[in-house]
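What follows is a short report on a single structure.
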Amino acid sequence: MAFELKRIKREIEIEGFHSIYYFEFDKYFSHVPEKHDFWEMIYIDSGEIDAITNGLGETVSQGQVLFHKPNELHAHISNGKVSNNMLVISFTSKSPAMYFFDRKLFTLDKTQKTLLTLFMKEAKIALGKISGEYSNKNPIDFTKAPFGSTQLLECYFVEFLLTLERSNADSVVKVTRTESTLEQGQSSIAELMIDYMKAHICENVTLMDLCQKFYMGKTQLCTIFGNYVGISPIEYFLDLKFKEAKRLLREEKFSISKISDTLGYSSIHAFSRSFKNSTGVSPSEYRKRLNRE
C-alpha cells in the first residue's frame, strides 16, 4: 500500500537573523529614529519603554512584544521613570503571514515566554554571548555555532510567531492612531531632536541634517518641533549655542577665538557677528560686563 506524501504548509519562514540583542537600559535611554529593510521585534523583559512608530507613540510594558515591519521608521525611548530590559531580534521573512503582526501589541503567556527563553539560551550557545551594547552594530557571527544551533533558533522563533498568531484575542491590542498616541509620538520625536542638537552643539547642524537624521521632510519636521517647542529647530539650536557660548565666556578659561573654534564657527568674526545679533553685545563686551559686575 502506497502512502501519498502530504507536504507541510509553511505559514511562516525565516530566512535568517540580522541581530540579537539583550539591552539593560537606564530610565533616560533614547535613540534617534531608524529604519531598515527587515523585521524587528522588541520584548520588554522588565520595566517599560515608549515605542515611536511613524510618529505614533505606544507604551510597551513588561511581558509585552511589539513588531516593526520593514522600512518602518521607529525609535525607543525610556520614559524617565523606570529602567528596562529589552530583547531585540531582527530578522528577514518574506512570508505574507508576517503582516498579521503589523500595528499589534502582544502580552505573552507562559508558553510564549518559555519559547523566548529557549531562544535566548540557544542564542548564547550559537553566539557565545548576546550583545548588550547599543553601539555595537557588528554583524552577528554564527561561524562557531555548534551543529543544529541556528536551525534550533529558527524553530523556536517560528513556533513563537505561530503561537502569537493563534493568541487569545484578549492578549492582542491593535495599535491605532489617536490624538493622545500622536501627541506622545510627536513630543518624543521633538525630545529626540533636542537631545541630538545638545549632543552636537559643537557642530553646524542644519535643517537638512535633521531631516536626514530623522527621515522627515522640512515641513513635517518643523511642524512637529514647532508644535512642541514653539520655535523652529534652527532657532532652538542657535539658542543652545549662545547659551553654551555665554557659559564658556563666564568661565574665562578659554579665549574668544578658542570658544569660536569649539562651537564650530568658521571664524571668530562669524562667531562675534552671530553672538551680537542674538544678544545685542559682542562676546568681548559680554565678558567685560561680567568683570564689571
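Numbering starts fresh at 1 for the residues of each chain in the C-alpha cells, the chains themselves are lettered A, B, ... in the order given, and ligands are numbered from 1 as they appear.
Residue neighbourhood of Glu122 of chain A, excluding near-sequence residues (fewer than 6 positions): Ile20, Leu115, Leu116, Gly128, Lys129, Ile130, Phe142, Ala145, Pro146, Phe147, Gly148, Ser149, Thr150, Gln151, Leu152, Leu153, Glu154, Cys155, Tyr156 and Phe157 of chain A, at 12 Å, using only C-alpha atoms.
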Would you mind exporting the chosen residues as a PDB file, in the first residue's frame, restricted to C-alpha atoms?
ATOM      1  CA  ILE A  20      20.036  39.592  18.551  1.00  0.00           C
ATOM      2  CA  LEU A 115       9.839  29.782  23.845  1.00  0.00           C
ATOM      3  CA  LEU A 116      11.671  33.120  24.085  1.00  0.00           C
ATOM      4  CA  GLY A 128      28.945  32.764  22.738  1.00  0.00           C
ATOM      5  CA  LYS A 129      27.085  35.713  24.275  1.00  0.00           C
ATOM      6  CA  ILE A 130      24.229  38.050  23.411  1.00  0.00           C
ATOM      7  CA  PHE A 142      27.338  32.047  13.676  1.00  0.00           C
ATOM      8  CA  ALA A 145      27.771  27.749  16.398  1.00  0.00           C
ATOM      9  CA  PRO A 146      27.514  24.013  17.183  1.00  0.00           C
ATOM     10  CA  PHE A 147      25.646  21.560  14.989  1.00  0.00           C
ATOM     11  CA  GLY A 148      21.977  22.449  14.547  1.00  0.00           C
ATOM     12  CA  SER A 149      22.136  25.580  16.699  1.00  0.00           C
ATOM     13  CA  THR A 150      20.924  28.104  14.101  1.00  0.00           C
ATOM     14  CA  GLN A 151      18.173  25.761  12.976  1.00  0.00           C
ATOM     15  CA  LEU A 152      17.015  25.436  16.572  1.00  0.00           C
ATOM     16  CA  LEU A 153      16.903  29.231  16.765  1.00  0.00           C
ATOM     17  CA  GLU A 154      14.687  29.269  13.707  1.00  0.00           C
ATOM     18  CA  CYS A 155      12.451  26.517  15.137  1.00  0.00           C
ATOM     19  CA  TYR A 156      11.971  28.233  18.487  1.00  0.00           C
ATOM     20  CA  PHE A 157      11.315  31.601  16.872  1.00  0.00           C
TER      21      PHE A 157
END
Quick one: everything within 9 Å of Val88 of chain A, counting only C-alpha atoms, minus sequence neighbours fewer than 6 positions away in the same chain. Send it as a ChimeraX atom specification.
/A:19-23,40-44
Residue neighbourhood Ser46 of chain A, 7 Å, only C-alpha atoms, exclusion window fewer than 6 positions, as a PDB file with N, CA and C atoms, in the first residue's frame:
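Here's the written file part.pdb:
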ATOM      1  N   GLN A  62       6.239  45.520  30.619  1.00  0.00           N
ATOM      2  CA  GLN A  62       6.831  44.217  30.938  1.00  0.00           C
ATOM      3  C   GLN A  62       5.938  43.077  30.455  1.00  0.00           C
ATOM      4  N   ASN A  84      14.659  49.602  32.021  1.00  0.00           N
ATOM      5  CA  ASN A  84      14.021  48.473  31.353  1.00  0.00           C
ATOM      6  C   ASN A  84      15.044  47.520  30.765  1.00  0.00           C
ATOM      7  N   ASN A  85      14.674  46.270  30.679  1.00  0.00           N
ATOM      8  CA  ASN A  85      15.445  45.242  29.987  1.00  0.00           C
ATOM      9  C   ASN A  85      14.675  44.856  28.734  1.00  0.00           C
TER      10      ASN A  85
END
Shell of 6 Å around Asp50 of chain A, only C-alpha atoms, local chain residues under 3 positions omitted, as an NGL selection string:
:A and (58-59 or 76-77)
Based on the selection just made, write N, CA and C atoms of those residues as a CSV table (one decimal), in the first residue's frame.
chain,number,residue,atom,x,y,z
A,58,GLU,N,3.6,54.5,21.5
A,58,GLU,CA,2.9,53.4,22.2
A,58,GLU,C,3.8,52.9,23.3
A,59,THR,N,3.2,52.8,24.6
A,59,THR,CA,4.0,52.3,25.7
A,59,THR,C,4.0,50.8,25.7
A,76,HIS,N,13.0,54.0,20.2
A,76,HIS,CA,12.6,53.5,21.5
A,76,HIS,C,13.1,54.5,22.6
A,77,ILE,N,12.3,54.9,23.5
A,77,ILE,CA,12.7,55.9,24.5
A,77,ILE,C,12.2,55.5,25.9
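Closest approach to Gln64 of chain A among A:Lys124, A:Arg166, A:Lys198, A:Lys110: A:Lys110, based on only C-alpha atoms.
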If you run DSSP on this backbone, which residues of segment 52-196 of chain A come out as helix (DSSP H, G or I), and could you give them as a PDB file with C-alpha atoms, in the first residue's frame?
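Output contents, as saved in out03.pdb:
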ATOM      1  CA  PRO A  96       2.716  37.157   3.842  1.00  0.00           C
ATOM      2  CA  ALA A  97       1.507  35.863   7.216  1.00  0.00           C
ATOM      3  CA  MET A  98       4.017  38.167   8.911  1.00  0.00           C
ATOM      4  CA  TYR A  99       1.792  41.171   8.242  1.00  0.00           C
ATOM      5  CA  PHE A 100      -0.559  39.859  10.898  1.00  0.00           C
ATOM      6  CA  PHE A 101       1.907  41.429  13.364  1.00  0.00           C
ATOM      7  CA  LYS A 110       3.646  31.275  29.824  1.00  0.00           C
ATOM      8  CA  THR A 111       4.250  29.150  26.709  1.00  0.00           C
ATOM      9  CA  GLN A 112       5.379  32.127  24.634  1.00  0.00           C
ATOM     10  CA  LYS A 113       7.739  33.325  27.381  1.00  0.00           C
ATOM     11  CA  THR A 114       9.192  29.813  27.593  1.00  0.00           C
ATOM     12  CA  LEU A 115       9.839  29.782  23.845  1.00  0.00           C
ATOM     13  CA  LEU A 116      11.671  33.120  24.085  1.00  0.00           C
ATOM     14  CA  THR A 117      13.716  31.773  26.995  1.00  0.00           C
ATOM     15  CA  LEU A 118      14.688  28.723  24.907  1.00  0.00           C
ATOM     16  CA  PHE A 119      15.558  31.045  22.011  1.00  0.00           C
ATOM     17  CA  MET A 120      17.818  33.167  24.222  1.00  0.00           C
ATOM     18  CA  LYS A 121      19.573  30.125  25.682  1.00  0.00           C
ATOM     19  CA  GLU A 122      20.280  28.790  22.206  1.00  0.00           C
ATOM     20  CA  ALA A 123      21.396  32.238  21.003  1.00  0.00           C
ATOM     21  CA  LYS A 124      24.018  32.275  23.768  1.00  0.00           C
ATOM     22  CA  ILE A 125      25.203  28.835  22.618  1.00  0.00           C
ATOM     23  CA  ALA A 126      25.308  29.912  18.966  1.00  0.00           C
ATOM     24  CA  LEU A 127      26.956  33.302  19.549  1.00  0.00           C
ATOM     25  CA  SER A 149      22.136  25.580  16.699  1.00  0.00           C
ATOM     26  CA  THR A 150      20.924  28.104  14.101  1.00  0.00           C
ATOM     27  CA  GLN A 151      18.173  25.761  12.976  1.00  0.00           C
ATOM     28  CA  LEU A 152      17.015  25.436  16.572  1.00  0.00           C
ATOM     29  CA  LEU A 153      16.903  29.231  16.765  1.00  0.00           C
ATOM     30  CA  GLU A 154      14.687  29.269  13.707  1.00  0.00           C
ATOM     31  CA  CYS A 155      12.451  26.517  15.137  1.00  0.00           C
ATOM     32  CA  TYR A 156      11.971  28.233  18.487  1.00  0.00           C
ATOM     33  CA  PHE A 157      11.315  31.601  16.872  1.00  0.00           C
ATOM     34  CA  VAL A 158       8.900  30.323  14.220  1.00  0.00           C
ATOM     35  CA  GLU A 159       6.990  28.396  16.891  1.00  0.00           C
ATOM     36  CA  PHE A 160       6.869  31.584  18.952  1.00  0.00           C
ATOM     37  CA  LEU A 161       5.475  33.567  15.997  1.00  0.00           C
ATOM     38  CA  LEU A 162       2.890  30.899  15.206  1.00  0.00           C
ATOM     39  CA  THR A 163       1.633  30.862  18.795  1.00  0.00           C
ATOM     40  CA  LEU A 164       1.272  34.648  18.639  1.00  0.00           C
ATOM     41  CA  GLU A 165      -0.865  34.371  15.504  1.00  0.00           C
ATOM     42  CA  ALA A 169      -7.918  37.999  21.440  1.00  0.00           C
ATOM     43  CA  ASP A 170      -7.585  39.344  24.999  1.00  0.00           C
ATOM     44  CA  SER A 171      -3.771  39.235  24.735  1.00  0.00           C
ATOM     45  CA  GLU A 179      -4.845  62.154  19.402  1.00  0.00           C
ATOM     46  CA  SER A 180      -3.043  61.023  22.565  1.00  0.00           C
ATOM     47  CA  THR A 181      -0.769  58.486  20.830  1.00  0.00           C
ATOM     48  CA  LEU A 182       0.010  61.000  18.073  1.00  0.00           C
ATOM     49  CA  GLU A 183       0.878  63.642  20.683  1.00  0.00           C
ATOM     50  CA  GLN A 184       3.025  61.128  22.581  1.00  0.00           C
ATOM     51  CA  GLY A 185       4.889  60.193  19.418  1.00  0.00           C
ATOM     52  CA  GLN A 186       5.461  63.745  18.215  1.00  0.00           C
ATOM     53  CA  SER A 187       6.596  65.056  21.605  1.00  0.00           C
ATOM     54  CA  SER A 188       9.012  62.132  21.903  1.00  0.00           C
ATOM     55  CA  ILE A 189      10.433  62.847  18.450  1.00  0.00           C
ATOM     56  CA  ALA A 190      10.880  66.515  19.371  1.00  0.00           C
ATOM     57  CA  GLU A 191      12.716  65.467  22.539  1.00  0.00           C
ATOM     58  CA  LEU A 192      14.978  63.230  20.435  1.00  0.00           C
ATOM     59  CA  MET A 193      15.753  66.186  18.174  1.00  0.00           C
ATOM     60  CA  ILE A 194      16.649  68.272  21.231  1.00  0.00           C
ATOM     61  CA  ASP A 195      18.913  65.506  22.567  1.00  0.00           C
ATOM     62  CA  TYR A 196      20.585  65.267  19.159  1.00  0.00           C
TER      63      TYR A 196
END
Residue contacts of segment 242-259 of chain A (8 Å, only C-alpha atoms) excluding same-chain residues fewer than 3 positions away, as an MDAnalysis selection string:
chainID A and resid 238:239 262:263 267:268 275 278 283:284 286:287 290
Go ahead and save the picked residues with C-alpha atoms, as a short mmCIF file (atom, residue, chain, number, x, y, z; two decimals), in the first residue's frame.
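Contents of result18.cif, freshly written:
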data_model
loop_
_atom_site.label_atom_id
_atom_site.label_comp_id
_atom_site.auth_asym_id
_atom_site.auth_seq_id
_atom_site.Cartn_x
_atom_site.Cartn_y
_atom_site.Cartn_z
CA LEU A 238 21.32 78.59 17.78
CA ASP A 239 19.89 79.45 21.19
CA THR A 262 34.98 74.90 19.96
CA LEU A 263 31.45 75.81 18.89
CA SER A 267 35.92 82.27 12.14
CA ILE A 268 35.95 84.47 15.22
CA PHE A 275 26.57 86.40 19.03
CA SER A 278 21.39 87.45 19.22
CA PRO A 283 31.48 88.35 23.06
CA SER A 284 34.22 90.67 24.34
CA TYR A 286 29.70 90.43 27.29
CA ARG A 287 32.85 89.27 29.10
CA LEU A 290 30.71 90.34 33.71
#
